[in-house]
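Enquirer: coords11.txt is the file, holding compact mmCIF, C-alpha atoms:
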```
# COMPACT_ATOMS: atom_id res chain seq x y z
CA MET A 16 -27.54 40.99 -22.81
CA GLY A 17 -26.58 44.42 -24.08
CA ASP A 18 -23.01 45.62 -23.92
CA GLU A 19 -24.04 48.45 -21.61
CA HIS A 20 -24.52 45.92 -18.85
CA TYR A 21 -20.99 44.51 -19.17
CA ILE A 22 -21.97 40.84 -18.91
CA LEU A 23 -21.02 38.20 -21.49
CA CYS A 24 -23.12 35.04 -21.67
CA GLU A 25 -22.15 31.80 -23.40
CA ARG A 26 -23.18 28.17 -23.14
CA THR A 27 -21.45 24.90 -23.88
CA ASP A 28 -22.37 21.28 -23.16
CA GLY A 29 -24.86 21.92 -20.38
CA VAL A 30 -22.95 24.83 -18.81
CA ALA A 31 -23.78 28.54 -18.79
CA ILE A 32 -20.67 30.75 -18.70
CA ILE A 33 -21.31 34.25 -17.34
CA SER A 34 -18.32 36.58 -17.56
CA TYR A 35 -17.84 40.05 -16.13
CA ASP A 36 -16.74 42.32 -18.96
CA ARG A 37 -16.19 45.74 -17.41
CA PRO A 38 -12.39 45.86 -17.32
CA HIS A 39 -12.26 49.68 -17.48
CA ARG A 40 -13.79 49.61 -13.96
CA ARG A 41 -11.88 46.47 -12.94
CA ASN A 42 -15.15 44.51 -13.18
CA ALA A 43 -16.55 46.28 -10.13
CA TRP A 44 -20.26 45.80 -9.58
CA ASP A 45 -22.66 48.65 -10.15
CA VAL A 46 -26.45 48.40 -10.10
CA GLY A 47 -26.79 47.74 -13.83
CA MET A 48 -24.10 45.07 -13.83
CA TYR A 49 -25.59 43.36 -10.77
CA ARG A 50 -29.05 43.32 -12.30
CA ALA A 51 -27.67 41.89 -15.54
CA LEU A 52 -25.78 39.23 -13.58
CA ARG A 53 -28.91 38.23 -11.66
CA ALA A 54 -30.91 38.06 -14.88
CA ALA A 55 -28.27 35.86 -16.53
CA ILE A 56 -28.26 33.47 -13.56
CA GLU A 57 -32.05 33.32 -13.53
CA ARG A 58 -32.10 32.52 -17.26
CA ALA A 59 -29.62 29.71 -16.73
CA ASN A 60 -31.68 28.35 -13.85
CA ALA A 61 -34.81 28.34 -16.02
CA ASP A 62 -33.06 26.55 -18.89
CA ASN A 63 -33.50 22.77 -18.67
CA ALA A 64 -30.46 22.26 -20.89
CA ILE A 65 -28.19 23.92 -18.31
CA GLY A 66 -26.90 21.90 -15.36
CA ALA A 67 -24.30 24.24 -13.87
CA ILE A 68 -23.01 27.80 -14.14
CA VAL A 69 -19.50 29.26 -14.37
CA ILE A 70 -18.89 32.84 -13.28
CA ALA A 71 -15.67 34.23 -14.72
CA ALA A 72 -14.22 37.58 -15.79
CA THR A 73 -12.37 39.20 -18.65
CA GLY A 74 -9.26 41.29 -18.10
CA PRO A 75 -6.60 41.08 -15.39
CA VAL A 76 -8.95 41.61 -12.40
CA PHE A 77 -11.76 39.27 -11.34
CA CYS A 78 -13.74 41.93 -9.47
CA ALA A 79 -12.69 45.03 -7.55
CA GLY A 80 -15.82 44.99 -5.40
CA VAL A 81 -18.56 47.59 -5.59
CA ASP A 82 -18.05 50.54 -7.92
CA LEU A 83 -18.04 53.46 -5.48
CA LYS A 84 -17.74 55.95 -8.35
CA ALA A 85 -20.82 54.75 -10.20
CA ALA A 86 -23.33 57.45 -11.11
CA PRO A 87 -26.45 57.53 -8.91
CA GLU A 88 -29.37 55.49 -10.23
CA PRO A 89 -32.66 57.18 -11.14
CA ARG A 90 -35.21 57.29 -8.34
CA ASP A 91 -37.81 54.55 -8.23
CA PRO A 92 -41.11 56.11 -9.36
CA VAL A 93 -43.04 54.27 -6.64
CA THR A 94 -40.76 54.58 -3.60
CA GLY A 95 -38.89 57.71 -4.61
CA LYS A 96 -35.65 56.04 -3.51
CA ARG A 97 -32.52 55.42 -5.56
CA PRO A 98 -31.61 51.72 -5.86
CA ASN A 99 -28.10 50.86 -4.72
CA MET A 100 -25.98 47.75 -4.28
CA ALA A 101 -26.85 47.35 -0.59
CA THR A 102 -30.62 47.47 -1.15
CA LEU A 103 -30.41 45.06 -4.09
CA ALA A 104 -27.77 42.51 -3.10
CA MET A 105 -28.85 42.32 0.55
CA ALA A 106 -32.62 42.65 0.15
CA ASP A 107 -34.74 40.66 2.58
CA GLY A 108 -35.80 37.40 0.94
CA ASP A 109 -34.26 38.31 -2.43
CA SER A 110 -30.57 38.81 -1.76
CA TRP A 111 -27.48 37.50 -3.53
CA LEU A 112 -27.46 34.69 -0.95
CA HIS A 113 -31.06 33.76 -1.71
CA LEU A 114 -30.35 33.77 -5.44
CA LEU A 115 -27.34 31.44 -5.18
CA ALA A 116 -29.03 29.18 -2.62
CA ARG A 117 -31.81 28.36 -5.08
CA SER A 118 -29.51 28.34 -8.11
CA LYS A 119 -28.02 25.47 -10.02
CA PRO A 120 -24.42 24.83 -8.89
CA VAL A 121 -22.15 27.80 -9.49
CA VAL A 122 -18.40 27.51 -10.14
CA ALA A 123 -16.27 30.63 -9.65
CA ALA A 124 -13.23 31.01 -11.92
CA ILE A 125 -11.05 33.69 -10.31
CA GLN A 126 -8.07 35.28 -12.00
CA GLY A 127 -6.26 38.36 -10.78
CA ALA A 128 -7.49 40.37 -7.83
CA ALA A 129 -10.75 39.71 -6.00
CA ILE A 130 -11.21 42.70 -3.70
CA GLY A 131 -13.88 43.38 -1.11
CA ALA A 132 -17.20 42.33 -2.60
CA GLY A 133 -15.13 40.56 -5.24
CA VAL A 134 -14.31 38.09 -2.46
CA THR A 135 -17.56 38.13 -0.50
CA GLN A 136 -19.66 37.45 -3.60
CA MET A 137 -17.86 34.16 -4.24
CA LEU A 138 -18.37 32.82 -0.71
CA ALA A 139 -21.90 31.71 -1.58
CA MET A 140 -20.78 30.03 -4.80
CA ASP A 141 -20.44 26.26 -4.71
CA LEU A 142 -16.92 25.75 -6.09
CA ARG A 143 -14.14 28.33 -6.14
CA ILE A 144 -11.16 27.76 -8.46
CA GLY A 145 -8.30 30.25 -8.48
CA ALA A 146 -5.67 30.99 -11.09
CA GLU A 147 -2.07 31.33 -9.97
CA SER A 148 -2.46 35.08 -10.48
CA SER A 149 -5.44 35.34 -8.15
CA SER A 150 -5.34 37.26 -4.90
CA PHE A 151 -7.97 37.94 -2.28
CA SER A 152 -8.26 41.23 -0.40
CA PHE A 153 -10.34 42.15 2.65
CA PRO A 154 -9.94 45.97 2.82
CA PHE A 155 -13.18 46.73 4.65
CA VAL A 156 -12.02 48.22 7.95
CA ARG A 157 -9.28 50.19 6.20
CA LEU A 158 -12.02 51.79 4.11
CA GLY A 159 -14.21 52.45 7.14
CA THR A 160 -16.77 49.80 6.24
CA MET A 161 -17.43 46.10 6.95
CA PRO A 162 -17.76 42.79 5.05
CA GLU A 163 -21.08 42.21 3.31
CA LEU A 164 -23.08 39.62 1.35
CA GLY A 165 -23.20 37.27 4.34
CA ALA A 166 -19.41 37.16 4.71
CA THR A 167 -19.52 37.45 8.50
CA ALA A 168 -21.13 33.99 8.56
CA LEU A 169 -19.88 32.35 5.37
CA LEU A 170 -16.20 33.22 5.69
CA PRO A 171 -15.83 31.63 9.18
CA GLN A 172 -17.66 28.55 7.93
CA LEU A 173 -15.15 28.16 5.12
CA ILE A 174 -11.86 28.98 6.84
CA GLY A 175 -12.59 29.11 10.57
CA TYR A 176 -13.66 31.90 12.91
CA GLY A 177 -10.24 33.02 14.09
CA ARG A 178 -8.67 33.08 10.64
CA ALA A 179 -11.66 34.93 9.15
CA LEU A 180 -11.55 37.59 11.84
CA ASP A 181 -7.79 37.92 11.42
CA LEU A 182 -8.10 38.55 7.67
CA CYS A 183 -10.87 41.12 8.09
CA LEU A 184 -9.52 43.02 11.10
CA ASN A 185 -6.09 43.27 9.46
CA ALA A 186 -7.51 44.28 6.05
CA ALA A 187 -5.32 41.49 4.69
CA THR A 188 -4.51 40.40 1.17
CA ILE A 189 -3.54 36.77 0.49
CA ASP A 190 -2.30 35.02 -2.63
CA ALA A 191 -3.74 31.99 -4.37
CA ARG A 192 -1.63 29.39 -2.56
CA GLU A 193 -2.55 30.76 0.85
CA ALA A 194 -6.21 30.92 -0.17
CA GLU A 195 -6.04 27.27 -1.18
CA ARG A 196 -4.23 26.29 2.03
CA ILE A 197 -6.87 27.80 4.29
CA GLY A 198 -9.82 26.54 2.22
CA LEU A 199 -11.02 29.81 0.72
CA ILE A 200 -10.65 28.25 -2.74
CA SER A 201 -10.59 24.55 -3.56
CA ARG A 202 -7.68 24.52 -6.02
CA VAL A 203 -5.13 26.61 -7.89
CA VAL A 204 -4.40 26.15 -11.58
CA PRO A 205 -2.20 27.98 -14.12
CA ASP A 206 -3.91 31.04 -15.55
CA ALA A 207 -4.01 29.50 -19.03
CA MET A 208 -5.95 26.51 -17.66
CA LEU A 209 -8.45 28.38 -15.47
CA ARG A 210 -11.34 28.69 -17.90
CA ASP A 211 -11.10 25.11 -19.18
CA THR A 212 -10.74 23.75 -15.63
CA ALA A 213 -13.79 25.64 -14.38
CA ILE A 214 -15.88 24.60 -17.38
CA ALA A 215 -14.80 20.97 -17.00
CA ALA A 216 -15.79 21.03 -13.32
CA ALA A 217 -19.18 22.50 -14.22
CA GLN A 218 -19.68 19.99 -17.04
CA ALA A 219 -18.98 17.12 -14.65
CA ILE A 220 -21.69 18.42 -12.32
CA ALA A 221 -24.09 18.99 -15.22
CA GLY A 222 -23.57 15.39 -16.31
CA PHE A 223 -24.81 13.92 -13.04
CA ASP A 224 -28.45 13.21 -12.19
CA ARG A 225 -30.00 16.68 -11.93
CA ASP A 226 -32.32 15.79 -9.05
CA ALA A 227 -29.49 14.23 -7.07
CA VAL A 228 -27.38 17.36 -7.55
CA ARG A 229 -30.25 19.70 -6.65
CA ILE A 230 -31.23 17.77 -3.52
CA THR A 231 -27.62 17.38 -2.38
CA LYS A 232 -27.01 21.11 -2.72
CA ALA A 233 -30.26 21.83 -0.86
CA MET A 234 -29.24 19.50 1.99
CA PHE A 235 -25.96 21.34 2.46
CA GLU A 236 -27.77 24.67 2.35
CA HIS A 237 -30.54 23.73 4.78
CA ASN A 238 -28.23 21.95 7.21
CA ARG A 239 -25.63 24.73 7.23
CA GLY A 240 -25.02 25.37 10.92
CA GLU A 241 -27.68 22.89 12.09
CA THR A 242 -26.90 21.65 15.59
CA ASP A 243 -29.96 19.45 16.21
CA PRO A 244 -29.16 15.94 14.92
CA ASP A 245 -32.84 15.03 14.69
CA ARG A 246 -33.64 17.96 12.39
CA LEU A 247 -30.51 17.30 10.34
CA LEU A 248 -31.34 13.62 9.83
CA ALA A 249 -35.02 14.37 9.21
CA ARG A 250 -34.07 16.63 6.30
CA GLU A 251 -31.79 13.94 4.88
CA ARG A 252 -34.54 11.33 5.20
CA ASP A 253 -36.90 13.67 3.38
CA GLY A 254 -34.26 14.11 0.69
CA PHE A 255 -33.96 10.36 0.19
CA VAL A 256 -37.75 10.02 0.00
CA GLU A 257 -37.89 12.77 -2.62
CA GLN A 258 -35.18 11.09 -4.68
CA ILE A 259 -37.00 7.74 -4.59
CA ARG A 260 -40.29 9.41 -5.54
CA LEU A 261 -38.70 11.24 -8.48
CA ARG A 262 -36.89 8.12 -9.66
CA ARG A 263 -40.10 6.08 -9.60
CA ALA A 264 -41.95 8.82 -11.45
CA ALA A 265 -39.25 8.84 -14.14
CA ILE A 266 -39.50 5.05 -14.50
CA ASP A 267 -43.29 5.27 -14.80
CA ILE A 268 -43.03 7.95 -17.47
CA ALA A 269 -40.42 5.96 -19.38
CA GLY A 270 -42.64 2.87 -19.23
CA ALA A 271 -45.68 4.76 -20.38
CA THR A 272 -43.85 6.24 -23.37
CA GLY A 273 -41.95 3.07 -24.20
CA GLY A 274 -38.61 4.72 -23.33
```
Before we go any further, please render this structure as structure tokens.

Expert:
Amino acid sequence: MGDEHYILCERTDGVAIISYDRPHRRNAWDVGMYRALRAAIERANADNAIGAIVIAATGPVFCAGVDLKAAPEPRDPVTGKRPNMATLAMADGDSWLHLLARSKPVVAAIQGAAIGAGVTQMLAMDLRIGAESSSFSFPFVRLGTMPELGATALLPQLIGYGRALDLCLNAATIDAREAERIGLISRVVPDAMLRDTAIAAAQAIAGFDRDAVRITKAMFEHNRGETDPDRLLARERDGFVEQIRLRRAAIDIAGATGG
């Protein structure tokens, strides 16, 4: 990916590492950066050698949200409209949430400040690991706006309704230890260990049976908020049937090829 898009892509032992590299704008998303990020995730998802993805950042800030000072994008020649972060990241059927829901497991490695969309973007990721330097800010109402990227549903699911509303209505900032205590992130590690810890977590996932990982993630996604026990259990039964079918197919292929 070209440097103008401010995304660095690496791979190691079954893991794709996608790093924000726009430190002069505190790694804030603009349209070009978001499109490059999506493209990098899609490439990793299409690569059979990749089993998990790490999203990290260079510089002292993980992500300062959306770049409000970004230059306007050119108008779309068909619609005549200028693309922006809201129309791209929250598009019907093709949003950030849709992308991560169908993605291979994503591990967030957060160092420094995650502000606004820097926080809400990670809520749909599968594992969130914070460095000791990490902090998490919810400045929306102070800025005259509101949480986005599905945060009004995902944040309460992670940390509870009352606590989520408290953070957002008070435009609060919390440190890494508080974020770990309330369940916003799963663990805190020294800054020097963050990258290796996130990669190791992703490599562990990549080393498991890929179908089992994919189906397990899909079950959690589909049953998120499900209140009907019959529908919940029906999906899990279907998942078990799919696993058995795939396992038998693999055995048949191995037998046919002498593997």

Enquirer: Pick out the residues sitting within 6 Å of range 20-28 of chain A, and hand them over as a PDB file with C-alpha atoms, in the frame of the given file; count all atoms listed in the file, and ignore anything fewer than 6 positions along from it in its own chain.

Expert:
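Contents of around26.pdb, freshly written:
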```pdb
ATOM      1  CA  SER A  34     -18.320  36.580 -17.560  1.00  0.00           C
ATOM      2  CA  TYR A  35     -17.840  40.050 -16.130  1.00  0.00           C
ATOM      3  CA  ASP A  36     -16.740  42.320 -18.960  1.00  0.00           C
ATOM      4  CA  ARG A  37     -16.190  45.740 -17.410  1.00  0.00           C
ATOM      5  CA  GLY A  47     -26.790  47.740 -13.830  1.00  0.00           C
ATOM      6  CA  MET A  48     -24.100  45.070 -13.830  1.00  0.00           C
TER       7      MET A  48
END
```

Enquirer: I want to know what sits within 8 Å of Ala139 in chain A, based on all atoms listed in the file, with residues of the same chain fewer than 4 positions away left out; could you give that as a ChimeraX atom specification?

Expert: /A:112,115-116,135,169

Enquirer: Nearest to Pro205 in chain A: which of A:Leu248, A:Ala124, A:Ala186, A:Ala104 is it, counting only C-alpha atoms?

Expert: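 Under the stated criterion, the closest residue is A:Ala124.
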
Enquirer: Residues within 8 Å of Pro98 in chain A, please, as a VMD selection string. Count all atoms listed in the file; anything in the same chain fewer than 6 positions from it doesn't count.

Expert: chain A and resid 46 88 to 91

Enquirer: Using only C-alpha atoms, which of A:Val134, A:Ile65, A:Ile220, A:Met100 sits nearest Phe77 in chain A?

Expert: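 For Phe77 in chain A, the nearest of the candidates is A:Val134.
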
Enquirer: When you count all atoms listed in the file, which of these residues is closest to Cys183 in chain A: A:Gly74, A:Gly240, A:Gly222, A:Gly131?

Expert: A:Gly131

Enquirer: Please indicate the distance in Å from CA of Met105 in chain A to CA of Pro171 in chain A, rounded to one decimal place.

Expert: 18.9 Å

Enquirer: So that I can see what lies close to Met161 in chain A, please list as a ChimeraX atom specification the residues with an atom at most 10 Å from it, counting all atoms listed in the file and leaving out residues fewer than 6 positions away in the same chain.

Expert: /A:131,153-155,167,183-184

Enquirer: Which protein, DNA or RNA residues are at most 12 Å from (-16.8, 56.7, -5.1) in the file's coordinates when you count only C-alpha atoms, listed as a PyMOL selection string?

Expert: chain A and resi 40+43+45+80-87+158

Enquirer: Using all atoms listed in the file, pick whichever of A:Ser118, A:Asn63, A:Thr73, A:Ser152 has the shortest atom-to-atom distance to Asn185 in chain A.

Expert: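 Selected residue with least distance to Asn185 in chain A: A:Ser152.
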